[in-house]
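What follows is a short report on a single structure.
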Amino acid sequence: MPDPLDLLVIGECVADIVRLPDGNVHVHPGGSPANVAHGLARLGHAVTLLTQLGPDDHGRLIRSHLTEAGVEVRTDGSADPTPSAVVTLDREGRAAYAFEIAWTLAPVAPERPPHHVHTGSIATVTDPGAATVLAAVESLRSSATVSYDPNVRPALMGDHDAAVRSVERCVALSDVVRASDEDLEWLYPGEEPETVARRWLGRGPAVVLVTRGGDGALAVLPGGRVTVDAFATDVVDTVGAGDAFMSGTLHALAAHGLLGPDGRERLRATDRSTVADVLRHAAACAAVTVARAGANPPDAVELRAALARDRSRRRDIPGPAVRHP
């Protein structure tokens, strides 16, 4: 295992007010970047989250949730209310969102230079804070690898063409990009996800990952493509699934020594077998998360158990779960 990396996540925290089909309401700490930071800390990483939290009950709930997992939370001192999202779940666990969010992040210098920076979601498209995020990534990427997840929320994306330009600018700054097939359908209606992933790969990333829900995930890299099936699980809800996938991706990449300034060139030369292993770890994290309520990713012990269960299951099923076309 390489030396521990300092990981910096920049982006929003959101209080997810979840309305269940039976009428019950629960409040869960959320926000895509915050979920990624939480997932990384649960997996044993040293991670700092640069964000905004209001001096309110939701802000206190989220801060406690993050710090108890081991996340170092830094804010810009804003007194704005903590952003919130009303999450309505249908009877199959699918989530629909309505937001009350302001994102005005002011520049805050990291206490120590990170080895890897992750960002995405609302934080990269909502001004004026989006400009702060972009400037921070641009200033740090010379000495850190960068990952990005657009995590498209149509109600908050604003003008479609402007949103696409913002997303593509972030893609060009990144080494690792993850997007769902639903993200790509909103950004580029009618285009095949793999076609978009290959175009994004040409803009600069070393690898582009596309998650496809129950149909598994796809990775596109210069040497070809890798796919992995979704892990078998009983879905409670899909809240935080993509964020858990992202945390699992970064966890596995770090384990392979593919993050940080010394890992960037190795990442660009990595083979499909290594990427397949990364995808399995990411898919396992997502599977654990969807099997329980809210954005509740696995710790390292739960991840190992999920991987072991899947290995056992695949031994009993003809044909490989991971394909290298």
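In the structure tokens, the first chain shown is A, the next is B, and so on; residue numbers restart at 1 for each chain, and ligands run from 1 in the order shown.
Contact shell of Thr249 in chain A at 7 Å (only C-alpha atoms; same-chain neighbours under 4 positions omitted): Phe245, Leu253, Val278, Leu279, His281 and Ala282 of chain A.
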>> If DSSP is run on the backbone, what residues of range 95-216 of chain A are strand (DSSP E or B)? A reply as a PyMOL selection string would be ideal.
In response: chain A and resi 95-100+116-120+145-149+176-180+207-211
> Taking into account only C-alpha atoms, which residue in the set A:Arg266, A:His251, A:His58, A:His118 is nearest to Pro298 in chain A?
Replying inline: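 Result for the nearest residue to Pro298 in chain A: A:His251.
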>> So that I can check the secondary structure, give me every residue of range 22-176 of chain A assigned alpha helix (DSSP H) by backbone DSSP, as a PyMOL selection string.
In response: chain A and resi 32-42+57-69+129-140+160-172
>> Let me make sure I understand: among A:Ala37, A:Val176, A:Ala106, A:Val301, which one has the smallest atom-to-atom distance to Val207 in chain A if we use only C-alpha atoms?
In response: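 Looking only at the distances to Val207 in chain A, the closest residue turns out to be A:Val176.
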> Got a sec: who's within 7 Å of range 302-314 of chain A, counting only C-alpha atoms, leaving out chain neighbours fewer than 4 positions off, as a ChimeraX atom specification?
Replying inline: /A:231,284-285,298,321
> Can you list, as a PyMOL selection string, every protein, DNA or RNA residue that comes within 8 Å of Leu5 in chain A when you count only C-alpha atoms, leaving out same-chain residues fewer than 6 positions away?
Replying inline: chain A and resi 45-46+114-116+254+260
> How far is it from CA of Leu201 in chain A to CA of Ala41 in chain A, in Å with one decimal?
Replying inline: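 Between CA of Leu201 in chain A and CA of Ala41 in chain A the gap works out to 28.4 Å.
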>> At a cut-off of 6 Å, using only C-alpha atoms, what residues contact Ser247 in chain A? Leave out same-chain residues fewer than 2 positions from it and give the result as a list of chain:residue names.
In response: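 Here the qualifying residues turn out to be A:Val36, A:Gly39, A:Leu40, A:Ala244, A:Phe245, A:Thr249, A:Leu250.
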Go ahead and save the residues from that selection, with C-alpha atoms, as a PDB file, in the first residue's frame.
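The resulting file, out_16.pdb, is shown below:
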ATOM      1  CA  VAL A  36     -17.581  11.344  -1.490  1.00  0.00           C
ATOM      2  CA  GLY A  39     -17.061   7.608   1.864  1.00  0.00           C
ATOM      3  CA  LEU A  40     -13.308   8.126   1.609  1.00  0.00           C
ATOM      4  CA  ALA A 244     -20.142   5.717  -3.126  1.00  0.00           C
ATOM      5  CA  PHE A 245     -18.976   4.499  -6.538  1.00  0.00           C
ATOM      6  CA  THR A 249     -12.936   4.372  -7.330  1.00  0.00           C
ATOM      7  CA  LEU A 250     -10.558   6.762  -5.588  1.00  0.00           C
TER       8      LEU A 250
END
Would you tabulate, counting only C-alpha atoms, all residues of range 56-161 of chain A that have an atom at most 12 Å from an atom of range 290-294 of chain A, showing the closest pair of atoms and their distance in Å to one decimal, sorted by chain then ascending number, as a tab-separated table?
residue	atom	partner	partner_atom	distance
A:Val87	CA	A:Gly294	CA	10.1
A:Thr88	CA	A:Gly294	CA	11.9
A:Leu89	CA	A:Gly294	CA	10.8
A:Glu92	CA	A:Val290	CA	11.5
A:Gly93	CA	A:Val290	CA	8.9
A:Arg94	CA	A:Val290	CA	10.3
A:Ala95	CA	A:Gly294	CA	10.5
Produce a file of the selected residues containing C-alpha atoms, as a CSV table (one decimal), in the first residue's frame.
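Dumped to out01.csv:
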chain,number,residue,atom,x,y,z
A,87,VAL,CA,-35.8,13.8,-2.0
A,88,THR,CA,-39.0,12.0,-2.9
A,89,LEU,CA,-38.6,8.2,-3.3
A,92,GLU,CA,-38.8,1.1,-6.3
A,93,GLY,CA,-36.4,3.4,-4.4
A,94,ARG,CA,-35.7,5.8,-7.2
A,95,ALA,CA,-35.1,9.4,-6.1
> Please, what distance in Å, to one decimal, runs between CA of Glu168 in chain A and CA of Leu43 in chain A?
Replying inline: 29.7 Å
> How many Å separate CA of Val210 in chain A from CA of Val196 in chain A?
Replying inline: 9.7 Å
> Which residues come within 7 Å of Val27 in chain A, counting only C-alpha atoms, excluding same-chain residues fewer than 5 positions away, as a list of chain:residue names?
Replying inline: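 Result of the neighbour search: A:Ala15, A:Asp16, A:Ile17, A:Val18.
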>> Ranking A:Ser143, A:Ser64, A:Ser32, A:Thr132 by minimum distance to Gly120 in chain A and counting only C-alpha atoms, which one comes first?
In response: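 So, comparing all the options, the nearest one is A:Ser32.
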Spatial neighbours of Leu209 in chain A, 6 Å, only C-alpha atoms, chain gap at least 5 places, as a tab-separated table (two decimals) with N, CA, C and O atoms, in the first residue's frame:
chain	number	residue	atom	x	y	z
A	178	ARG	N	-16.19	10.59	-13.58
A	178	ARG	CA	-17.30	9.65	-13.51
A	178	ARG	C	-18.58	10.40	-13.85
A	178	ARG	O	-18.81	11.53	-13.43
A	218	LEU	N	-19.03	1.12	-16.99
A	218	LEU	CA	-18.12	1.09	-18.13
A	218	LEU	C	-16.97	2.03	-17.86
A	218	LEU	O	-17.17	3.14	-17.35
A	219	ALA	N	-15.76	1.62	-18.17
A	219	ALA	CA	-14.58	2.49	-18.14
A	219	ALA	C	-13.99	2.58	-19.53
A	219	ALA	O	-13.82	1.56	-20.21
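Using only C-alpha atoms for every distance, the candidate list A:Asp90, A:Asp175, A:Asp22, A:Asp299 yields A:Asp299 as the residue closest to Gly44 in chain A.
Of the residues listed (A:Ala230, A:Val164, A:Leu66, A:Leu173), A:Leu173 shows the shortest atom-to-atom separation from Gly202 in chain A; distances use only C-alpha atoms.
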> From the list A:Asp237, A:Glu68, A:Asp181, A:Glu100, which residue is nearest Ala217 in chain A when using only C-alpha atoms?
Replying inline: A:Asp181
